[in-house]
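One file, model_12.txt, carrying compact mmCIF, C-alpha atoms:
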# COMPACT_ATOMS: atom_id res chain seq x y z
CA MET A 78 68.03 106.54 111.11
CA LYS A 79 69.94 103.50 109.87
CA ARG A 80 66.84 101.31 109.66
CA LYS A 81 64.86 103.88 107.74
CA LEU A 82 67.71 104.69 105.39
CA ILE A 83 68.13 101.11 104.28
CA ALA A 84 64.39 100.58 103.99
CA ALA A 85 64.03 103.67 101.87
CA ILE A 86 66.07 102.22 99.02
CA GLY A 87 64.33 98.89 99.06
CA VAL A 88 66.70 96.55 100.84
CA ALA A 89 64.67 93.51 101.79
CA ALA A 90 64.91 91.31 104.85
CA MET A 91 66.90 92.69 107.72
CA LEU A 92 68.19 90.86 110.77
CA GLY A 93 65.73 89.54 113.26
CA VAL A 94 66.67 89.40 116.92
CA SER A 95 68.79 86.34 117.55
CA ALA A 96 68.40 83.95 120.39
CA CYS A 97 69.35 84.42 124.00
CA GLY A 98 72.46 85.99 125.53
CA SER A 99 76.11 85.19 125.21
CA ASP A 100 77.15 81.69 126.19
CA ASP A 101 80.86 81.17 126.12
CA GLY A 102 81.33 77.44 126.44
CA ASP A 103 85.02 77.73 127.32
CA GLY A 104 84.73 80.60 129.79
CA GLY A 105 87.57 83.01 129.38
CA ASP A 106 89.96 81.61 126.78
CA ASN A 107 90.99 84.55 124.59
CA GLY A 108 92.52 82.31 121.94
CA SER A 109 90.99 81.38 118.63
CA GLY A 110 91.18 77.62 119.03
CA GLY A 111 90.10 74.82 121.33
CA GLY A 112 86.53 73.83 122.10
CA ASP A 113 83.17 75.23 121.12
CA LYS A 114 82.79 78.97 121.49
CA THR A 115 80.04 81.51 120.92
CA LEU A 116 81.06 84.94 119.65
CA THR A 117 78.39 87.51 120.48
CA VAL A 118 77.99 90.53 118.19
CA TRP A 119 75.63 93.42 118.93
CA VAL A 120 74.34 95.29 115.87
CA MET A 121 71.71 97.98 115.76
CA ASP A 122 68.24 97.61 114.32
CA GLY A 123 68.54 97.61 110.52
CA SER A 124 72.32 97.96 110.26
CA ALA A 125 73.15 94.50 108.92
CA PRO A 126 71.31 93.01 105.90
CA GLU A 127 70.44 89.38 106.62
CA GLU A 128 72.09 87.90 103.53
CA TRP A 129 75.29 89.83 104.14
CA VAL A 130 75.72 88.86 107.76
CA THR A 131 74.73 85.24 107.13
CA GLU A 132 77.37 84.77 104.44
CA LEU A 133 79.96 86.68 106.48
CA ASN A 134 79.44 84.46 109.51
CA LYS A 135 79.46 81.34 107.35
CA GLU A 136 82.94 82.22 106.10
CA PHE A 137 84.16 83.11 109.60
CA GLU A 138 82.81 79.95 111.21
CA ALA A 139 84.31 77.79 108.45
CA ALA A 140 87.74 79.26 109.22
CA ASN A 141 87.29 78.86 112.99
CA GLU A 142 86.15 75.35 113.80
CA GLY A 143 83.83 75.09 116.79
CA VAL A 144 82.94 78.79 116.74
CA THR A 145 79.38 80.05 116.37
CA VAL A 146 78.67 83.74 115.78
CA GLU A 147 75.51 84.96 117.46
CA ILE A 148 74.12 88.24 116.18
CA GLN A 149 71.96 90.13 118.65
CA GLU A 150 70.01 93.07 117.26
CA GLN A 151 69.63 96.10 119.52
CA GLN A 152 67.36 99.17 119.46
CA TRP A 153 68.80 102.69 119.39
CA ASN A 154 66.43 103.86 122.12
CA GLY A 155 68.29 103.48 125.43
CA ILE A 156 71.33 101.85 123.83
CA GLN A 157 73.94 104.10 125.46
CA GLU A 158 72.94 103.02 128.96
CA LYS A 159 72.75 99.37 127.88
CA ILE A 160 76.23 99.42 126.33
CA THR A 161 77.71 101.27 129.31
CA THR A 162 76.36 98.60 131.64
CA SER A 163 77.46 95.68 129.45
CA LEU A 164 81.03 96.97 129.07
CA SER A 165 81.45 97.00 132.86
CA GLU A 166 80.43 93.34 133.20
CA ASP A 167 82.72 90.30 133.15
CA ALA A 168 81.18 88.79 130.00
CA PRO A 169 80.10 91.64 127.69
CA PRO A 170 79.22 91.13 124.02
CA ASP A 171 82.44 90.52 122.11
CA VAL A 172 81.84 92.99 119.27
CA ILE A 173 79.57 96.03 119.49
CA GLU A 174 78.26 98.51 116.94
CA LEU A 175 78.65 102.06 118.25
CA GLY A 176 77.36 105.36 116.90
CA ASN A 177 80.30 107.29 115.50
CA THR A 178 79.82 110.23 117.89
CA GLN A 179 79.55 107.84 120.86
CA THR A 180 82.76 105.86 120.42
CA ALA A 181 85.10 108.27 122.23
CA GLY A 182 82.86 108.24 125.28
CA TYR A 183 83.14 104.47 125.62
CA ALA A 184 86.86 104.46 124.84
CA VAL A 185 87.72 106.87 127.64
CA THR A 186 86.12 104.57 130.22
CA GLY A 187 88.43 101.70 129.28
CA GLY A 188 85.56 99.61 128.00
CA LEU A 189 86.93 99.16 124.48
CA ALA A 190 89.95 97.13 123.41
CA ASP A 191 92.91 99.07 122.02
CA LEU A 192 93.22 98.13 118.33
CA THR A 193 96.18 100.37 117.50
CA ASP A 194 98.49 97.42 116.80
CA MET A 195 95.93 96.10 114.28
CA LYS A 196 95.93 99.18 112.04
CA ALA A 197 97.72 97.45 109.16
CA ASP A 198 95.59 94.31 109.42
CA LEU A 199 92.42 96.38 109.44
CA GLY A 200 93.38 98.39 106.35
CA TYR A 201 93.63 101.69 108.24
CA ASP A 202 95.50 103.50 105.45
CA GLY A 203 92.65 102.88 103.01
CA TRP A 204 89.81 104.08 105.25
CA ASN A 205 87.74 107.15 104.45
CA GLU A 206 89.59 110.01 106.11
CA GLY A 207 86.37 111.58 107.36
CA MET A 208 85.43 108.42 109.25
CA ILE A 209 88.75 107.75 110.98
CA PRO A 210 88.60 110.43 113.73
CA SER A 211 85.46 108.90 115.23
CA ALA A 212 87.32 105.63 115.84
CA GLU A 213 90.32 107.18 117.61
CA LEU A 214 91.04 108.88 120.90
CA ASP A 215 94.35 110.37 122.06
CA GLY A 216 96.23 108.80 119.17
CA LYS A 217 94.95 105.26 119.77
CA LEU A 218 92.50 103.22 117.70
CA TYR A 219 89.46 101.81 119.51
CA ALA A 220 87.16 100.84 116.65
CA ALA A 221 86.93 100.31 112.92
CA PRO A 222 84.63 102.53 110.85
CA TRP A 223 81.75 100.51 109.43
CA TYR A 224 79.45 102.82 107.48
CA ALA A 225 78.26 106.40 107.24
CA ALA A 226 75.67 108.54 105.50
CA ASN A 227 75.38 112.25 104.78
CA ARG A 228 72.89 114.82 103.61
CA ALA A 229 72.25 116.08 100.09
CA VAL A 230 69.82 118.54 98.52
CA ILE A 231 66.54 116.94 97.46
CA TYR A 232 64.57 118.89 94.87
CA ASP A 233 61.28 118.75 92.99
CA LYS A 234 62.20 118.30 89.34
CA SER A 235 58.97 119.84 88.03
CA ILE A 236 59.41 123.06 90.03
CA PHE A 237 63.05 123.42 88.99
CA GLU A 238 62.03 122.84 85.37
CA GLU A 239 59.23 125.42 85.62
CA ALA A 240 61.73 128.00 86.88
CA GLY A 241 64.39 126.99 84.36
CA VAL A 242 66.87 126.10 87.10
CA GLU A 243 69.57 123.44 86.83
CA PRO A 244 71.20 121.73 89.84
CA PRO A 245 73.93 124.11 91.06
CA THR A 246 77.59 123.32 91.69
CA THR A 247 78.52 126.43 93.69
CA ARG A 248 76.98 128.48 96.48
CA GLU A 249 76.51 131.41 94.10
CA GLU A 250 74.63 129.27 91.59
CA TRP A 251 72.56 127.84 94.44
CA LEU A 252 71.42 131.26 95.63
CA ASP A 253 70.77 132.43 92.07
CA GLY A 254 68.59 129.36 91.46
CA LEU A 255 66.57 129.91 94.64
CA LYS A 256 65.99 133.53 93.65
CA LYS A 257 64.75 132.45 90.24
CA ILE A 258 62.39 129.88 91.75
CA GLU A 259 61.00 132.59 94.02
CA GLU A 260 60.41 134.88 91.03
CA GLU A 261 59.10 132.30 88.55
CA THR A 262 56.97 129.96 90.69
CA ASP A 263 54.63 129.96 93.68
CA ALA A 264 56.74 127.37 95.48
CA GLN A 265 58.88 127.82 98.59
CA PRO A 266 62.40 127.76 97.08
CA ILE A 267 63.90 125.84 100.01
CA TYR A 268 62.59 124.50 103.29
CA LEU A 269 65.32 125.26 105.85
CA PRO A 270 64.32 125.43 109.53
CA GLY A 271 66.38 127.74 111.68
CA GLN A 272 67.98 125.06 113.83
CA SER A 273 69.31 122.56 111.27
CA TRP A 274 72.69 122.59 112.98
CA TYR A 275 74.12 119.64 111.04
CA VAL A 276 73.71 121.73 107.89
CA TYR A 277 75.28 124.74 109.59
CA SER A 278 78.22 122.58 110.68
CA GLY A 279 79.00 121.83 107.04
CA PHE A 280 79.06 125.53 106.21
CA LEU A 281 81.31 126.15 109.21
CA TRP A 282 83.77 123.48 108.01
CA ASP A 283 83.66 125.05 104.54
CA GLU A 284 84.96 128.24 106.16
CA GLY A 285 87.77 126.42 107.92
CA GLY A 286 86.15 126.63 111.36
CA ASP A 287 84.79 124.10 113.81
CA LEU A 288 82.17 123.82 116.54
CA ALA A 289 84.83 123.55 119.23
CA VAL A 290 88.63 123.43 119.33
CA GLN A 291 91.22 122.15 121.77
CA ASP A 292 92.85 124.70 124.04
CA GLY A 293 95.65 122.87 125.85
CA ASP A 294 94.07 120.06 127.83
CA GLN A 295 90.64 121.64 127.56
CA TRP A 296 88.15 122.34 124.79
CA LYS A 297 86.39 125.60 124.00
CA GLY A 298 83.47 126.58 121.80
CA SER A 299 84.42 128.40 118.60
CA LEU A 300 81.29 129.95 117.13
CA ALA A 301 82.27 133.52 118.03
CA THR A 302 84.85 133.54 115.26
CA PRO A 303 85.03 135.02 111.76
CA GLU A 304 84.48 131.50 110.39
CA GLY A 305 81.42 130.95 112.58
CA GLU A 306 79.91 134.27 111.54
CA ALA A 307 80.61 133.69 107.83
CA ALA A 308 78.95 130.27 107.98
CA MET A 309 75.92 131.72 109.76
CA ASN A 310 75.67 134.57 107.27
CA PHE A 311 75.46 132.08 104.41
CA TYR A 312 72.88 130.04 106.31
CA LYS A 313 70.90 133.25 106.74
CA GLU A 314 71.03 133.90 103.00
CA LEU A 315 69.56 130.48 102.32
CA ALA A 316 66.95 130.84 105.07
CA ALA A 317 65.71 134.04 103.43
CA TYR A 318 64.17 131.80 100.74
CA SER A 319 62.45 129.57 103.33
CA ASN A 320 59.16 129.97 105.17
CA ALA A 321 60.30 127.67 107.99
CA PRO A 322 60.32 128.99 111.58
CA THR A 323 63.66 130.01 113.05
CA ASP A 324 63.20 128.13 116.33
CA ILE A 325 62.73 124.53 115.15
CA ASP A 326 64.94 121.86 113.60
CA GLU A 327 64.39 119.53 110.63
CA ALA A 328 62.76 116.85 112.80
CA THR A 329 60.25 119.02 114.67
CA PRO A 330 58.06 118.71 112.68
CA GLN A 331 59.65 116.01 110.53
CA GLN A 332 60.36 117.73 107.23
CA SER A 333 60.09 114.58 105.12
CA THR A 334 56.64 113.49 106.26
CA ASP A 335 55.00 116.57 107.77
CA ILE A 336 56.17 119.38 105.49
CA VAL A 337 57.30 118.24 102.02
CA PRO A 338 54.27 116.02 101.23
CA LYS A 339 51.98 119.03 101.62
CA GLY A 340 53.48 120.36 98.38
CA ASP A 341 55.04 123.53 97.04
CA VAL A 342 58.50 122.87 98.46
CA ALA A 343 61.05 123.20 95.67
CA SER A 344 64.00 121.84 97.64
CA TRP A 345 65.23 120.78 101.07
CA ILE A 346 68.32 119.23 102.68
CA GLY A 347 67.99 115.72 104.03
CA LEU A 348 69.15 112.13 104.32
CA GLY A 349 68.33 109.21 102.06
CA TRP A 350 65.69 107.78 104.35
CA GLU A 351 63.99 111.19 104.46
CA ALA A 352 63.79 111.29 100.67
CA GLY A 353 62.26 107.80 100.71
CA GLY A 354 59.85 108.78 103.47
CA ALA A 355 58.67 111.86 101.60
CA GLN A 356 58.15 109.89 98.41
CA ALA A 357 56.14 107.22 100.24
CA ALA A 358 53.96 109.82 101.97
CA ILE A 359 53.24 111.64 98.71
CA GLU A 360 52.33 108.45 96.89
CA GLU A 361 50.18 107.24 99.79
CA ALA A 362 48.19 110.47 99.47
CA GLY A 363 47.63 109.74 95.77
CA GLY A 364 50.28 112.06 94.40
CA GLU A 365 53.49 111.58 92.46
CA ALA A 366 56.98 112.38 93.65
CA ASP A 367 59.70 113.09 91.13
CA PHE A 368 62.77 114.02 93.13
CA GLY A 369 66.24 114.87 91.95
CA TYR A 370 69.34 115.13 94.10
CA PHE A 371 72.59 117.10 94.18
CA PRO A 372 75.42 117.48 96.70
CA ILE A 373 75.32 120.51 98.95
CA PRO A 374 77.26 123.01 96.82
CA GLY A 375 80.64 124.27 97.96
CA LYS A 376 82.21 127.69 97.64
CA THR A 377 83.66 126.66 94.28
CA ALA A 378 82.78 123.97 91.75
CA ASP A 379 86.02 122.13 92.57
CA GLN A 380 84.62 120.64 95.78
CA PRO A 381 81.12 120.11 97.19
CA GLY A 382 80.22 121.53 100.56
CA HIS A 383 81.32 119.73 103.69
CA VAL A 384 78.76 117.42 105.28
CA PHE A 385 78.21 115.77 108.63
CA PHE A 386 78.82 112.02 108.63
CA GLY A 387 76.26 110.07 110.64
CA GLY A 388 77.19 106.43 111.00
CA SER A 389 78.57 103.58 113.06
CA ASN A 390 81.80 101.90 114.10
CA LEU A 391 82.51 98.35 115.23
CA ALA A 392 84.53 97.84 118.41
CA VAL A 393 85.78 94.95 120.55
CA SER A 394 84.97 94.89 124.26
CA GLU A 395 88.02 95.12 126.49
CA ARG A 396 86.54 92.43 128.76
CA SER A 397 85.57 90.11 125.91
CA GLN A 398 86.11 86.47 126.82
CA ASN A 399 87.07 85.82 123.18
CA LYS A 400 89.10 88.91 122.36
CA GLU A 401 91.30 87.41 119.64
CA LEU A 402 88.31 85.84 117.91
CA ALA A 403 86.44 89.14 118.18
CA GLN A 404 89.35 90.97 116.58
CA GLU A 405 89.44 88.43 113.74
CA TRP A 406 85.69 88.82 113.14
CA LEU A 407 86.08 92.60 113.13
CA LYS A 408 88.95 92.36 110.64
CA LEU A 409 86.86 90.22 108.30
CA ALA A 410 83.65 92.23 108.60
CA THR A 411 85.38 95.54 107.82
CA SER A 412 87.67 94.17 105.09
CA GLU A 413 87.44 95.55 101.56
CA LYS A 414 85.81 92.33 100.35
CA TRP A 415 83.01 92.34 102.89
CA MET A 416 82.55 96.10 102.92
CA LYS A 417 81.99 95.99 99.17
CA LYS A 418 79.42 93.26 99.68
CA TYR A 419 77.88 95.45 102.38
CA ALA A 420 77.65 98.42 100.03
CA GLU A 421 75.98 96.18 97.44
CA ALA A 422 73.55 94.75 100.00
CA THR A 423 72.47 98.22 101.11
CA GLY A 424 71.98 99.42 97.55
CA GLY A 425 74.58 102.15 97.89
CA ALA A 426 72.49 103.94 100.52
CA LEU A 427 75.31 103.74 103.05
CA LEU A 428 78.95 104.64 102.55
CA PRO A 429 81.38 101.80 103.37
CA ASN A 430 84.58 102.54 105.26
CA SER A 431 86.77 102.86 102.16
CA GLU A 432 86.51 104.25 98.66
CA ALA A 433 87.74 100.92 97.31
CA ALA A 434 84.63 99.23 98.70
CA GLN A 435 82.18 101.80 97.35
CA VAL A 436 79.83 100.54 94.63
CA THR A 437 78.81 102.70 91.70
CA PRO A 438 75.41 104.09 92.63
CA GLU A 439 72.50 104.26 90.23
CA PRO A 440 72.64 107.43 88.09
CA GLY A 441 70.33 110.12 89.38
CA SER A 442 69.90 108.46 92.77
CA PHE A 443 70.28 109.97 96.22
CA ALA A 444 73.23 107.65 96.73
CA GLU A 445 75.02 109.17 93.75
CA ALA A 446 74.70 112.67 95.24
CA MET A 447 75.74 111.41 98.67
CA VAL A 448 78.87 109.67 97.37
CA LYS A 449 80.07 112.87 95.70
CA SER A 450 80.41 114.43 99.17
CA ALA A 451 82.06 111.42 100.80
CA ASP A 452 85.56 112.89 100.65
CA VAL A 453 84.51 116.01 102.59
CA GLY A 454 82.47 114.34 105.31
CA ARG A 455 83.32 115.16 108.93
CA ILE A 456 81.97 114.57 112.42
CA THR A 457 81.60 116.63 115.57
CA PRO A 458 84.68 117.19 117.79
CA VAL A 459 86.05 113.86 118.98
CA THR A 460 85.99 114.08 122.74
CA PRO A 461 83.94 112.22 125.38
CA GLY A 462 82.37 115.50 126.51
CA TRP A 463 80.76 116.25 123.16
CA ALA A 464 77.57 114.36 124.08
CA ASN A 465 76.98 116.95 126.82
CA VAL A 466 76.94 119.73 124.22
CA GLU A 467 74.00 118.19 122.36
CA THR A 468 71.87 117.99 125.51
CA ASP A 469 68.75 120.15 125.32
CA PRO A 470 68.75 123.06 125.08
CA ASN A 471 71.42 122.69 122.40
CA PRO A 472 73.50 125.91 122.43
CA ILE A 473 74.28 125.65 118.71
CA LYS A 474 70.58 125.64 117.89
CA GLN A 475 69.94 128.60 120.15
CA TYR A 476 72.84 130.49 118.55
CA MET A 477 71.35 129.94 115.11
CA THR A 478 67.89 131.09 116.17
CA ASN A 479 69.30 134.18 117.86
CA VAL A 480 71.27 135.24 114.77
CA LEU A 481 68.38 134.56 112.40
CA ASN A 482 66.16 136.69 114.66
CA GLY A 483 68.57 139.63 114.45
CA SER A 484 71.05 139.17 117.30
CA ASP A 485 74.65 140.20 116.80
CA PRO A 486 76.55 137.07 115.64
CA GLN A 487 79.56 137.85 117.85
CA LYS A 488 77.46 138.24 121.00
CA ALA A 489 75.30 135.22 120.18
CA GLY A 490 78.44 133.22 119.45
CA GLU A 491 80.06 134.21 122.74
CA ASP A 492 76.96 133.13 124.67
CA ALA A 493 76.91 129.78 122.86
CA ASP A 494 80.66 129.27 123.32
CA THR A 495 80.33 129.77 127.08
CA THR A 496 77.82 126.92 127.27
CA ILE A 497 79.73 124.70 124.84
CA THR A 498 82.98 125.17 126.78
CA GLU A 499 81.31 124.40 130.10
CA ARG A 500 79.57 121.27 128.83
CA ILE A 501 82.32 119.80 126.66
CA ASN A 502 84.79 119.77 129.57
CA GLN A 503 82.43 118.04 131.97
CA GLY A 504 83.26 114.55 133.12

Will you turn the file into structure tokens for me?
Amino acid sequence: MKRKLIAAIGVAAMLGVSACGSDDGDGGDNGSGGGDKTLTVWVMDGSAPEEWVTELNKEFEAANEGVTVEIQEQQWNGIQEKITTSLSEDAPPDVIELGNTQTAGYAVTGGLADLTDMKADLGYDGWNEGMIPSAELDGKLYAAPWYAANRAVIYDKSIFEEAGVEPPTTREEWLDGLKKIEEETDAQPIYLPGQSWYVYSGFLWDEGGDLAVQDGDQWKGSLATPEGEAAMNFYKELAAYSNAPTDIDEATPQQSTDIVPKGDVASWIGLGWEAGGAQAAIEEAGGEADFGYFPIPGKTADQPGHVFFGGSNLAVSERSQNKELAQEWLKLATSEKWMKKYAEATGGALLPNSEAAQVTPEPGSFAEAMVKSADVGRITPVTPGWANVETDPNPIKQYMTNVLNGSDPQKAGEDADTTITERINQG
């Protein structure tokens, strides 16, 4: 997702894979001085613009004589197993990029350094509040938020104009606009597959609910609640204006390349790279794409709807042979100065870890709509067991399909909660 998102807004050269593995010339000195050292940093494919990371490392190396920073680019496919293995070794990479929903799982194993005492140095109080929970576990800090991205509504300007519909700011206006598009045009008002559970999560947070909650030392699913039912009822209202099947998600088939380019879709909910992918596919087929964007509307115009934050954190390996250097590199990389440069280098397509580092996005861009929701971004429950919940078959997806197909929301919620509770408390 990260690679495509950056590519979609035209950021040029990204990092190539650096040379061979970590080679710590001093073998085990955790200090920041004395002898030549190599600091190894793992970043994911497409996360770090070349110019940004080159200049960052130039500044770091100038301040730390004899130190060379080696960036090693990794692929998302199979990365969890690779990181798990590396963190158990005696000489793991010093700094590692982690998916924001993965961080707790690595922290609980003892593989990540405790950064709690560095909160002030890292600028903790200025971080985006929606990003912080992913970097913490049991009151301790194990990573620094790096970047995030969230969904917005992507719409066909010509269809909205034909129907006389303006971008809405509330749920009520949103539904009214979809109804008008249905009455005034031949287009599908919104493409919303039945299992877009990230979208549903936002509606659930709007209602004050959550996918799971703590119950003493355990966790339990919480879809069979008034909040869960209210969120699903609103999802159902939106889905009534969609022709999408109830038993698929937004990626099967991929909405941006397999559905939208075929035409007659007035609007859909997606990420920045999906908007770019749809535009490219339409233009490749000889057509023209004129998209507009607006935040997912909230219950009132005072606040947009909650959104799921997908993104990454940066962490220091507990067994790093250069732990103090790694912490210093992390502090520099996630500082306001370098996060602002990061936001500039990614064209505003990714949200930096603080509002102070956010650049003003281009008017009318996807980034502009995304930024408007930044203050209400959230992530899934922060617990190592959450990854088990998302394993196929995902109980949240099945719950959504069941309700959309007519099942009682309470009964469907109870069935889903049983599975969520069982999985989230495993291991």

The residue from A:Thr460, A:Ser394, A:Thr193, A:Gln149 with the smallest atom-to-atom distance to Ser163 in chain A, counting all atoms listed in the file, is A:Ser394

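If you measure from each of A:Gly279, A:Pro381, A:Pro486, A:Pro461 to Leu214 in chain A using only C-alpha atoms, the closest one turns out to be A:Pro461.
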
Identify, on the basis of only C-alpha atoms, every residue whose closest approach to Met447 in chain A does not exceed 8 Å; exclude the query and any residue fewer than 6 positions from it along the same chain; express the result as a PyMOL selection string. chain A and resi 226-229+371-372

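Residues with any atom within 12 Å of Ala264 in chain A, counting all atoms listed in the file and excluding same-chain neighbours fewer than 4 positions away, are Tyr232, Asp233, Ser235, Ile236, Phe237, Glu239, Ala240, Leu255, Lys256, Lys257, Ile258, Glu259, Glu260, Tyr268, Tyr318, Ser319, Asn320, Val337, Lys339, Gly340, Asp341, Val342, Ala343 and Ser344 of chain A.
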
Pairwise distance, CA of Tyr312 in chain A with CA of Gln179 in chain A, equals 27.4 Å

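One distance worth recording is that between CA of Arg248 in chain A and CA of Glu445 in chain A, which is 19.6 Å.
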
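For the pair CA of Phe368 in chain A and CA of Gln356 in chain A, the separation is 8.1 Å.
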
Once you count only C-alpha atoms, what closest atom pair and distance in Å to one decimal does each residue of range 406-482 of chain A within 8 Å of range 126-147 of chain A have, with rows by chain and rising residue number, as CSV?
residue,atom,partner,partner_atom,distance
A:Trp406,CA,A:Phe137,CA,6.9
A:Leu409,CA,A:Phe137,CA,7.7
A:Ala410,CA,A:Leu133,CA,7.0
A:Trp415,CA,A:Leu133,CA,7.4
A:Lys418,CA,A:Trp129,CA,7.0
A:Tyr419,CA,A:Trp129,CA,6.4
A:Ala422,CA,A:Pro126,CA,6.5
A:Thr423,CA,A:Pro126,CA,7.2

With all atoms listed in the file counted, which protein, DNA or RNA residues have an atom no more than 10 Å from (71.8, 132.7, 107.7) in the file frame? Please answer as a PyMOL selection string. chain A and resi 271+277+306-317+477-478+480-482

Non-local contacts of range 327-331 of chain A (9 Å; only C-alpha atoms; under 5 positions in same chain excluded) as an MDAnalysis selection string: chainID A and resid 269:273 336 346:347 351

Give as a short mmCIF file (atom, residue, chain, number, x, y, z; two decimals) with C-alpha atoms, keeping the file's coordinate frame every residue, naming chains and numbers as the document does, that has an atom within 7 Å of (81.0, 123.1, 91.0), counting all atoms listed in the file.
data_model
loop_
_atom_site.label_atom_id
_atom_site.label_comp_id
_atom_site.auth_asym_id
_atom_site.auth_seq_id
_atom_site.Cartn_x
_atom_site.Cartn_y
_atom_site.Cartn_z
CA THR A 246 77.59 123.32 91.69
CA THR A 247 78.52 126.43 93.69
CA PRO A 374 77.26 123.01 96.82
CA THR A 377 83.66 126.66 94.28
CA ALA A 378 82.78 123.97 91.75
CA ASP A 379 86.02 122.13 92.57
CA GLN A 380 84.62 120.64 95.78
CA PRO A 381 81.12 120.11 97.19
#

Rank A:Glu150, A:Glu499, A:Asp367, A:Asp171 by their smallest atom-to-atom distance to Val393 in chain A, using all atoms listed in the file, and report the top residue only. A:Asp171

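Within 7 Å of Leu300 in chain A, once all atoms listed in the file are used and residues closer than 4 positions along the same chain are dropped, the contacting residues are A:Leu288, A:Gly305, A:Gly490, A:Asp494.
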
Those residues you just picked out, can you put them in a file as a PDB file, in the frame of the given file with C-alpha atoms?
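Writing done, so here's result08.pdb:
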ATOM      1  CA  LEU A 288      82.170 123.820 116.540  1.00  0.00           C
ATOM      2  CA  GLY A 305      81.420 130.950 112.580  1.00  0.00           C
ATOM      3  CA  GLY A 490      78.440 133.220 119.450  1.00  0.00           C
ATOM      4  CA  ASP A 494      80.660 129.270 123.320  1.00  0.00           C
TER       5      ASP A 494
END

In terms of the shortest atom-to-atom distance over only C-alpha atoms, which of A:Val242, A:Ala493, A:Ala212, A:Ala352 is closest to Val185 in chain A? A:Ala212

Between A:Ile231, A:Asn177, A:Ala197, A:Arg396, which has the minimum distance to Ser333 in chain A (counting only C-alpha atoms)? A:Ile231

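With distances restricted to only C-alpha atoms, A:Ile497 is the closest residue to Glu467 in chain A from A:Leu252, A:Leu175, A:Val453, A:Ile497.
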